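Engineer: Here's a structure for you.
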Amino acid sequence: MPTKLKNNEDFRTRVENVVKAIPKGETKSYKEVAFLAKCPLGSRAVARVMANNYDLTVPCHRVIRSDGTLGGYNRGGTEAKQQLLLAEGLYK
């Protein structure tokens, strides 16, 4: 069990680091984040990491669906996510 937990923690850390590197005014899809986190088939796992993230230093509002729709947001729903992206110059 400790090995699995460590791997999950490593994955979460990789995902958070990828998301922290997304510049203001830009987005990446869950799939792109998964690929950059070295888990190309892990887009759903990325979504779970983002859904459980409450660290304000991780701009999870910049992670969207591959089809360009916003997806969920655990800090106020899709409307709050859209407002944050609008404030960064996206989705006018």
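Ordering of the structure tokens sets the chain letters (A, B, ...), residue numbers begin anew at 1 in every chain, and ligands are numbered from 1 in the order given.
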Extract, using only C-alpha atoms, all DNA, RNA and protein residues at most 6 Å from stretch 18-30 of chain A, discarding same-chain residues fewer than 4 positions from it, and format them as a ChimeraX atom specification.

Structural biologist: /A:43,58,62-66,88-89

Engineer: When DSSP works through the backbone of this structure, what residues of chain A end up as strand (DSSP E or B), shown as a list in words?

Structural biologist: Lys28, Ser29, Val63 and Ile64 of chain A

Engineer: Write the residues of the selection above to a file with N, CA and C atoms, as an mmCIF file, in the first residue's frame.

Structural biologist:
```cif
data_model
loop_
_atom_site.group_PDB
_atom_site.id
_atom_site.type_symbol
_atom_site.label_atom_id
_atom_site.label_comp_id
_atom_site.auth_asym_id
_atom_site.auth_seq_id
_atom_site.Cartn_x
_atom_site.Cartn_y
_atom_site.Cartn_z
ATOM 1 N N LYS A 28 -4.979 24.791 -20.502
ATOM 2 C CA LYS A 28 -4.588 23.481 -21.014
ATOM 3 C C LYS A 28 -5.746 22.540 -20.727
ATOM 4 N N SER A 29 -5.884 21.537 -21.568
ATOM 5 C CA SER A 29 -6.935 20.546 -21.344
ATOM 6 C C SER A 29 -6.470 19.543 -20.294
ATOM 7 N N VAL A 63 -7.566 24.742 -16.296
ATOM 8 C CA VAL A 63 -7.646 23.414 -16.899
ATOM 9 C C VAL A 63 -9.077 23.206 -17.386
ATOM 10 N N ILE A 64 -9.202 22.934 -18.685
ATOM 11 C CA ILE A 64 -10.517 22.811 -19.309
ATOM 12 C C ILE A 64 -10.625 21.483 -20.062
#
```

Engineer: Using 7 Å as the limit and counting only C-alpha atoms, can you tabulate each residue of stretch 46-74 of chain A that touches stretch 78-81 of chain A, with its shortest atom-to-atom distance in Å and the two atoms involved, as a Markdown table?

Structural biologist:
```
| residue | atom | partner | partner_atom | distance |
| --- | --- | --- | --- | --- |
| A:His61 | CA | A:Lys81 | CA | 5.4 |
| A:Leu70 | CA | A:Thr78 | CA | 6.7 |
| A:Gly71 | CA | A:Thr78 | CA | 6.8 |
| A:Gly72 | CA | A:Thr78 | CA | 5.6 |
| A:Tyr73 | CA | A:Thr78 | CA | 5.6 |
```

Engineer: Rank nothing, just name the residue among A:Leu90, A:Glu32, A:Arg12, A:Pro40 nearest to A:Asn52, using only C-alpha atoms.

Structural biologist: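 Using only C-alpha atoms, the shortest distance to A:Asn52 belongs to A:Arg12.
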
Engineer: Residues near A:Lys38, anyone? I mean within 10 Å using only C-alpha atoms, not counting same-chain ones fewer than 5 positions away, as a PyMOL selection string.

Structural biologist: chain A and resi 11+14-15+32-33

Engineer: Please write the residues from the selection above to a file, keeping N, CA and C atoms, as a compact mmCIF listing (two decimals), in the first residue's frame.

Structural biologist:
```txt
# COMPACT_ATOMS: atom_id res chain seq x y z
N PHE A 11 2.05 11.51 -8.63
CA PHE A 11 1.20 11.93 -9.74
C PHE A 11 0.54 13.27 -9.42
N ARG A 14 3.04 16.01 -9.68
CA ARG A 14 3.36 16.31 -11.09
C ARG A 14 2.23 17.12 -11.72
N VAL A 15 0.99 16.72 -11.48
CA VAL A 15 -0.16 17.45 -12.04
C VAL A 15 -0.18 18.87 -11.51
N GLU A 32 -4.00 17.38 -21.97
CA GLU A 32 -2.66 17.97 -22.10
C GLU A 32 -1.92 17.92 -20.77
N VAL A 33 -2.61 18.22 -19.69
CA VAL A 33 -1.99 18.17 -18.36
C VAL A 33 -1.54 16.75 -18.06
```

Engineer: Quick one: pick out all helix (DSSP H, G or I) residues within chain A from a backbone DSSP run and write them as a PyMOL selection string.

Structural biologist: chain A and resi 2-20+30-36+43-51+60-62+77-87

Engineer: Write to file, as an mmCIF file, in the first residue's frame, the residues of the selection just made, with C-alpha atoms.

Structural biologist:
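To be explicit, this is the file written out as part.cif:
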```
data_model
loop_
_atom_site.group_PDB
_atom_site.id
_atom_site.type_symbol
_atom_site.label_atom_id
_atom_site.label_comp_id
_atom_site.auth_asym_id
_atom_site.auth_seq_id
_atom_site.Cartn_x
_atom_site.Cartn_y
_atom_site.Cartn_z
ATOM 1 C CA PRO A 2 2.706 2.608 0.752
ATOM 2 C CA THR A 3 4.113 2.274 -2.773
ATOM 3 C CA LYS A 4 0.710 2.942 -4.323
ATOM 4 C CA LEU A 5 0.149 5.932 -2.061
ATOM 5 C CA LYS A 6 3.583 7.289 -2.942
ATOM 6 C CA ASN A 7 2.829 6.918 -6.662
ATOM 7 C CA ASN A 8 -0.494 8.715 -6.229
ATOM 8 C CA GLU A 9 1.266 11.495 -4.342
ATOM 9 C CA ASP A 10 3.900 11.722 -7.065
ATOM 10 C CA PHE A 11 1.198 11.933 -9.742
ATOM 11 C CA ARG A 12 -0.689 14.614 -7.836
ATOM 12 C CA THR A 13 2.517 16.594 -7.384
ATOM 13 C CA ARG A 14 3.362 16.314 -11.089
ATOM 14 C CA VAL A 15 -0.159 17.445 -12.037
ATOM 15 C CA GLU A 16 -0.043 20.381 -9.620
ATOM 16 C CA ASN A 17 3.358 21.442 -10.971
ATOM 17 C CA VAL A 18 2.116 21.303 -14.572
ATOM 18 C CA VAL A 19 -0.943 23.369 -13.669
ATOM 19 C CA LYS A 20 1.132 25.901 -11.721
ATOM 20 C CA TYR A 30 -7.112 17.771 -18.789
ATOM 21 C CA LYS A 31 -5.581 15.564 -21.498
ATOM 22 C CA GLU A 32 -2.664 17.972 -22.096
ATOM 23 C CA VAL A 33 -1.988 18.174 -18.364
ATOM 24 C CA ALA A 34 -2.028 14.370 -18.123
ATOM 25 C CA PHE A 35 0.460 14.094 -20.981
ATOM 26 C CA LEU A 36 2.778 16.695 -19.442
ATOM 27 C CA SER A 43 -7.059 12.848 -18.041
ATOM 28 C CA ARG A 44 -9.772 11.588 -15.685
ATOM 29 C CA ALA A 45 -7.220 11.280 -12.896
ATOM 30 C CA VAL A 46 -6.175 14.879 -13.581
ATOM 31 C CA ALA A 47 -9.820 15.910 -13.259
ATOM 32 C CA ARG A 48 -9.993 14.155 -9.874
ATOM 33 C CA VAL A 49 -6.836 15.912 -8.694
ATOM 34 C CA MET A 50 -8.292 19.260 -9.748
ATOM 35 C CA ALA A 51 -11.669 18.489 -8.135
ATOM 36 C CA CYS A 60 -7.021 24.779 -11.536
ATOM 37 C CA HIS A 61 -9.449 27.142 -13.298
ATOM 38 C CA ARG A 62 -6.984 27.097 -16.221
ATOM 39 C CA GLY A 77 -18.806 26.031 -10.100
ATOM 40 C CA THR A 78 -18.522 26.674 -13.802
ATOM 41 C CA GLU A 79 -19.706 30.276 -13.497
ATOM 42 C CA ALA A 80 -16.856 31.130 -11.094
ATOM 43 C CA LYS A 81 -14.363 29.383 -13.384
ATOM 44 C CA GLN A 82 -15.617 31.387 -16.352
ATOM 45 C CA GLN A 83 -15.348 34.649 -14.404
ATOM 46 C CA LEU A 84 -11.733 33.908 -13.453
ATOM 47 C CA LEU A 85 -10.865 33.129 -17.075
ATOM 48 C CA LEU A 86 -12.675 36.260 -18.259
ATOM 49 C CA ALA A 87 -10.622 38.306 -15.797
#
```
